[in-house]
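Right, one structure below, let's go through it.
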Amino acid sequence: MLTRHYEYWPKLSKSLTIPETPLYDNLSVSASRYPDHQAIYYYGNEISYRQLQREVDSLAGFLQGELGVYKGEKILLYMQNSPQFVIGYYAILKAGGAVVPINPMLTAEELEFYVKDCEILHALVGQELYGKVAPLLKATSLKNLIIAAYSDYAGDHFPLGLPEEVKKPPVDFSSVNHYQWKDCIRIPEGPQEREIEAGDLAVLPYTSGTTGLPKGCMHTNSTVQANTVGAANWAGATADHIHLATLPFFHVTGMVHSMHMPIYSGGTMVIMTRWDRNVAVELIETQHCTNWVAISTMLIDFLANPQLRAEQLSTLISISGGGAALPEAVGEQLYQLTGLKFVEGYGLSETIAQTHFNPSDRPKMQCLGIPSFDVDARIIDPATQKELGVGEVGEIIVNGPQIMTGYYNRDEENENAFIEVDGKRFFRTGDIGRYDEEGYFFMVDRVKRMINTSGYKVWPTEIESFLYKHPAVQQACVVGIPDAKKGEAVKAFIILKQEQKEKVTEAEIIEWSKQHMAAYKYPRHVEFLDSLPTTSSGKILWRKLQEKEREKSKLQ
């Protein structure tokens with residue numbers, strides 16, 4: 001196990017004892033300690049921990065008593081960020097079920113895969129998503145729907161207006177096996193107590209499926225607690241911290257850092273259903289937010305706001321995130337505005353968020369950080385599985401208490417996903433990286449994303465980092481495109497800053513790149529776009545751009 005990073009470890013214990021209690025108990029403890037403390041702020045409405053637990057318990061009683069949910073049963077949670085997502089998640093756990101959180105952007109056809117994969121009978125659904133779910137009542141095992149209107153929880157007077165999904169009043173669904181949210185949380189009888197153990201399945205977040213069919217990552221109460229407690233300790237979270245929740249809760253980073261961790265520490269969640277940079281500023285300023293976990297695309301948009309002022313962000317004590325490296329130029333802009341350094345981390349659905357954190361007092365830019373509590377992280381040659389040393393580039397493998405027990409119903413993938421090193425079971429991340437002399441890890445790129453041009457290996461992330469240094473570039477995504485002579489060529493898709501759109505040409509960007517990068521690296525092709533395709537969690541869908549280019553080449 002590598003220990004060189006211990007020299008730069010924060011003033012914290014290097015190991016954590018993970019609670020052997022279910023996740024629901026975190027809510028129970030905080031509600032007992034801080035019953036009248038604000039748990040959720042939602043567009044002008046406040047929800048106390050007392051109310052949050054009461055509604056969780058009522059819904060859990062409905063799930064057990066009316067729907068017959070049994071221990072270990074998988075329940076679909078298909079909603080935007082909202083109080084109902086939080087209540088639904090913890091109610092499923094209290095009832096003894098396992099949460100299957102699904103991206104609300106998915107179509108009915110895509111959603112069908114998940115319902116069939118988990119043989120789901122019951123779903124908690126945002127009413128704006130009903131049209132996607134309804135067809136599955138005939139085509140799959142799905143039987144019962146609990147339908148939520150976000151407007152039920154919004155305040156009457158929110159100054160900047162509400163997202164469209166939050167404006168809509170409740171629709172009366174009178175069909176058989178359709179249940180209104182408000183009716184379900186009025187059940188006076190609480191749930192029957194069920195013996196829930198640390199090793200019981202709690203949640204199945206699905207991988208994005210960019211390299212094949214999506215796979216459900218089986219996480220127990222224990223694996224989720226490992227990162228919930230780890231995140232709280234690393235951040236020094238208290239009941240007085242106010243967390244701006246902009247990342248989607250269905251995604252593991254938002255789930256752990258913006259929902260589970262605040263509940264564990266008794267803090268406040270300021271929830272946004274849809275991203276809006278103007279609303280984010282308003283909430284930070286008026287609700288005195290202290291902590292914000294974001295991703296680079298969100299921060300880039302946030303900082304591009306010409307009306308943004310430093311004093312509006314004065315209550316923030318931490319801005320952190322992961323998913324993709326924050327460009328150095330953007331990190332510097334953030335620091336100049338707020339005096340805060342962006343603290344990056346690294347993790348995957350398979351690790352229920354973080355395996356690495358940057359120390360808050362000594363972060364490095366565009367760096368994954370150092371291995372988290374009780375994590376053994378190494379670099380291996382992906383072909384030979386030989387362990388590599390300082391500065392050598394290879395695949396990142398991790399062992400730790402937050403690693404999933406395996407993929408659901410995927411025996412073959414499980415065999416390929418894990419290897420044994422020194423008697424330990426390591427997860428193969430599929431990410432290419434390295435670590436430096438101080439034990440900090442750095443991402444090079446995804447194994448699948450490497451561009452091979454004339455035999456040279458080109459890593460798109462590196463090229464993107466260079467492009468962000470150009471004063472006209474707001475966002476960039478680099479992919480490999482077919483090239484008859486070189487095999488692949490480098491192409492950059494770029495969003496220009498608004499004030500630069502009429503001043504810069506593609507040819508100028510190419511010439512600038514030529515002066516700053518090695519001959520085999522710089523993009524030979526540049527295309528300006530108004531937007532880049534992204535997931536709902538904000539990750540750029542580079543594969544979509546690449547596939548489009550490959551289709552174009554077939555037609556030529």
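If you're wondering about the labels, chains in the structure tokens are A, B, ... by order shown, residues count from 1 in each chain, ligands from 1 in order shown.
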So that I can check the surroundings of Phe493 in chain A, please list as a tab-separated table (two decimals) with N, CA and C atoms, in the first residue's frame every protein, DNA and RNA residue that reaches within 12 Å of it, counting only C-alpha atoms and ignoring chain neighbours fewer than 2 positions away.
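The file below, selection09.tsv, is the result:
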chain	number	residue	atom	x	y	z
A	460	PRO	N	-7.07	13.08	-24.86
A	460	PRO	CA	-7.91	14.27	-25.07
A	460	PRO	C	-7.93	15.23	-23.89
A	463	ILE	N	-5.18	17.74	-24.09
A	463	ILE	CA	-5.38	18.76	-25.14
A	463	ILE	C	-6.41	19.79	-24.69
A	464	GLU	N	-7.49	19.29	-24.05
A	464	GLU	CA	-8.52	20.20	-23.56
A	464	GLU	C	-7.95	21.19	-22.54
A	467	LEU	N	-6.30	23.93	-24.36
A	467	LEU	CA	-7.25	24.80	-25.04
A	467	LEU	C	-7.92	25.79	-24.09
A	468	TYR	N	-8.14	25.36	-22.85
A	468	TYR	CA	-8.77	26.26	-21.88
A	468	TYR	C	-7.90	27.47	-21.55
A	473	VAL	N	-11.69	30.66	-25.29
A	473	VAL	CA	-12.33	29.35	-25.11
A	473	VAL	C	-13.09	29.28	-23.79
A	474	GLN	N	-14.40	29.01	-23.89
A	474	GLN	CA	-15.21	28.80	-22.69
A	474	GLN	C	-15.28	27.32	-22.34
A	475	GLN	N	-15.52	26.46	-23.34
A	475	GLN	CA	-15.55	25.02	-23.12
A	475	GLN	C	-14.93	24.32	-24.32
A	476	ALA	N	-14.38	23.12	-24.07
A	476	ALA	CA	-13.75	22.37	-25.15
A	476	ALA	C	-13.94	20.88	-24.93
A	477	CYS	N	-14.09	20.17	-26.01
A	477	CYS	CA	-14.14	18.70	-25.97
A	477	CYS	C	-13.35	18.18	-27.17
A	478	VAL	N	-12.42	17.28	-26.91
A	478	VAL	CA	-11.54	16.75	-27.95
A	478	VAL	C	-11.84	15.27	-28.17
A	479	VAL	N	-11.92	14.88	-29.45
A	479	VAL	CA	-12.16	13.48	-29.81
A	479	VAL	C	-11.24	13.09	-30.97
A	480	GLY	N	-11.13	11.79	-31.16
A	480	GLY	CA	-10.41	11.28	-32.32
A	480	GLY	C	-11.38	11.02	-33.45
A	481	ILE	N	-11.01	11.45	-34.66
A	481	ILE	CA	-11.86	11.22	-35.83
A	481	ILE	C	-11.07	10.42	-36.85
A	490	VAL	N	-6.90	14.48	-34.49
A	490	VAL	CA	-7.44	15.17	-33.32
A	490	VAL	C	-8.39	16.28	-33.76
A	491	LYS	N	-9.61	16.26	-33.21
A	491	LYS	CA	-10.57	17.32	-33.51
A	491	LYS	C	-11.06	17.92	-32.19
A	495	ILE	N	-16.77	25.82	-27.51
A	495	ILE	CA	-17.72	26.91	-27.27
A	495	ILE	C	-16.91	28.15	-26.94
A	496	LEU	N	-17.11	29.20	-27.71
A	496	LEU	CA	-16.38	30.44	-27.47
A	496	LEU	C	-17.09	31.30	-26.44
A	506	GLU	N	-11.67	29.34	-36.57
A	506	GLU	CA	-11.15	27.99	-36.34
A	506	GLU	C	-9.66	27.92	-36.68
A	509	ILE	N	-7.45	29.22	-33.91
A	509	ILE	CA	-7.34	28.27	-32.79
A	509	ILE	C	-6.32	27.18	-33.13
A	510	ILE	N	-6.37	26.68	-34.35
A	510	ILE	CA	-5.42	25.65	-34.79
A	510	ILE	C	-3.99	26.18	-34.76
A	523	PRO	N	-4.82	19.92	-32.36
A	523	PRO	CA	-5.96	19.58	-33.20
A	523	PRO	C	-5.79	20.09	-34.63
A	524	ARG	N	-6.00	19.19	-35.57
A	524	ARG	CA	-5.99	19.56	-36.99
A	524	ARG	C	-7.35	20.06	-37.43
A	525	HIS	N	-8.35	19.79	-36.64
A	525	HIS	CA	-9.72	20.18	-36.99
A	525	HIS	C	-10.36	20.86	-35.77
A	526	VAL	N	-11.06	21.96	-36.02
A	526	VAL	CA	-11.77	22.69	-34.96
A	526	VAL	C	-13.16	23.04	-35.46
A	527	GLU	N	-14.14	22.85	-34.59
A	527	GLU	CA	-15.52	23.22	-34.92
A	527	GLU	C	-16.12	23.98	-33.75
A	528	PHE	N	-16.70	25.14	-34.04
A	528	PHE	CA	-17.34	25.94	-33.00
A	528	PHE	C	-18.80	25.48	-32.83
A	529	LEU	N	-19.23	25.31	-31.59
A	529	LEU	CA	-20.60	24.94	-31.28
A	529	LEU	C	-21.17	25.93	-30.26
A	530	ASP	N	-22.51	26.01	-30.22
A	530	ASP	CA	-23.16	26.84	-29.21
A	530	ASP	C	-23.32	26.08	-27.89
A	531	SER	N	-23.34	24.73	-27.98
A	531	SER	CA	-23.46	23.92	-26.78
A	531	SER	C	-22.85	22.55	-27.06
A	532	LEU	N	-22.49	21.85	-25.98
A	532	LEU	CA	-21.96	20.49	-26.07
A	532	LEU	C	-22.96	19.54	-25.46
A	533	PRO	N	-23.10	18.33	-26.01
A	533	PRO	CA	-24.02	17.37	-25.39
A	533	PRO	C	-23.49	16.94	-24.03
A	540	ILE	N	-19.60	15.92	-20.15
A	540	ILE	CA	-19.68	16.08	-21.60
A	540	ILE	C	-19.71	14.70	-22.27
A	541	LEU	N	-20.67	14.52	-23.16
A	541	LEU	CA	-20.82	13.23	-23.86
A	541	LEU	C	-19.92	13.22	-25.09
A	542	TRP	N	-18.62	13.04	-24.85
A	542	TRP	CA	-17.65	13.04	-25.94
A	542	TRP	C	-17.93	11.94	-26.95
A	544	LYS	N	-20.73	10.85	-28.08
A	544	LYS	CA	-21.73	11.26	-29.08
A	544	LYS	C	-21.09	12.06	-30.21
A	545	LEU	N	-20.19	12.96	-29.85
A	545	LEU	CA	-19.50	13.76	-30.85
A	545	LEU	C	-18.62	12.88	-31.73
A	546	GLN	N	-17.95	11.92	-31.10
A	546	GLN	CA	-17.07	11.04	-31.85
A	546	GLN	C	-17.86	10.16	-32.82
A	549	GLU	N	-18.91	12.04	-35.88
A	549	GLU	CA	-17.81	12.22	-36.83
A	549	GLU	C	-17.54	10.95	-37.61
- Message: Ranking A:Thr351, A:Asn233, A:Gln498, A:Thr461 by minimum distance to Lys14 in chain A and counting only C-alpha atoms, which one comes first?
- Response: A:Asn233
Which range 12-92 of chain A residues have any atom within 7 Å of an atom of range 98-118 of chain A, and for each, what is the nearest pair of atoms with distance in Å to one decimal, counting only C-alpha atoms, rows sorted by chain and number, as CSV?
residue,atom,partner,partner_atom,distance
A:Gly72,CA,A:Ala98,CA,5.7
A:Glu73,CA,A:Ala98,CA,5.9
A:Lys74,CA,A:Ala98,CA,4.7
A:Ile75,CA,A:Val99,CA,5.4
A:Leu76,CA,A:Val100,CA,4.8
A:Leu77,CA,A:Pro101,CA,4.8
A:Tyr78,CA,A:Ile102,CA,5.4
A:Met79,CA,A:Pro104,CA,5.8
A:Gln80,CA,A:Pro104,CA,6.3
A:Tyr89,CA,A:Val99,CA,6.4
A:Ile92,CA,A:Val99,CA,6.4
- Item | Separation of CA of Ser258 in chain A from CA of Thr273 in chain A, in Å and rounded to one decimal |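 Value for the CA of Ser258 in chain A-CA of Thr273 in chain A distance: 12.9 Å.
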- Message: As an exercise, work out the distance from CA of Pro191 in chain A to CA of Glu66 in chain A in Å and give it to one decimal place.
- Response: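 CA of Pro191 in chain A sits 10.8 Å away from CA of Glu66 in chain A.
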- Contacts of range 37-53 of chain A at 6 Å or less, counting only C-alpha atoms, minus same-chain residues fewer than 4 places along, as a list in words? Ala31, Ala154, Gly155, Phe158, Thr268, Met269, Val270 and Ile271 of chain A
- Message: Just checking: using only C-alpha atoms, which residue out of A:Thr228, A:Gln385, A:Asp301, A:Trp275 ends up closest to Ala245 in chain A?
- Response: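 The shortest atom-to-atom distance to Ala245 in chain A comes from A:Trp275.
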- With distances taken over only C-alpha atoms, which of A:Ser465, A:Thr535, A:Thr429, A:Ser141 is nearest to Leu326 in chain A?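 Checking each of A:Ser465, A:Thr535, A:Thr429, A:Ser141 against Leu326 in chain A, counting only C-alpha atoms, the winner is A:Ser465.
All residues in range 167-202 of chain A with a DSSP state of alpha helix (DSSP H), computed from the backbone, read Lys167, Trp181, Lys182, Asp183 and Cys184 of chain A.
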- Task: Could you give me, as a ChimeraX atom specification, each residue of range 257-452 of chain A that DSSP assigns to strand (DSSP E) when run on this structure's backbone?
- Result: /A:268-271,291-294,318-321,343-348,353-357,370-371,376-380,394-399,406-407,418-421,424-435,441-446,451-452
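When CA of Lys341 in chain A is paired with CA of Ile319 in chain A, their separation reads 7.4 Å.
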- Which is closest to Ala329 in chain A among A:Lys386, A:His356, A:Arg186, A:His470, if we use only C-alpha atoms? A:His470
- Distance query Ser30 in chain A at most 7 Å, only C-alpha atoms, self and fewer than 4 positions along chain excluded, as a ChimeraX atom specification: /A:26,34,263-264,266
Output C-alpha atoms for every residue in the selection just made, as an mmCIF file, in the first residue's frame.
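Contents of part-v7.cif, freshly written:
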data_model
loop_
_atom_site.group_PDB
_atom_site.id
_atom_site.type_symbol
_atom_site.label_atom_id
_atom_site.label_comp_id
_atom_site.auth_asym_id
_atom_site.auth_seq_id
_atom_site.Cartn_x
_atom_site.Cartn_y
_atom_site.Cartn_z
ATOM 1 C CA ASN A 26 -28.414 8.843 10.143
ATOM 2 C CA TYR A 34 -32.023 18.760 15.783
ATOM 3 C CA ILE A 263 -28.288 14.459 6.703
ATOM 4 C CA TYR A 264 -25.530 12.597 8.580
ATOM 5 C CA GLY A 266 -27.577 17.502 10.582
#
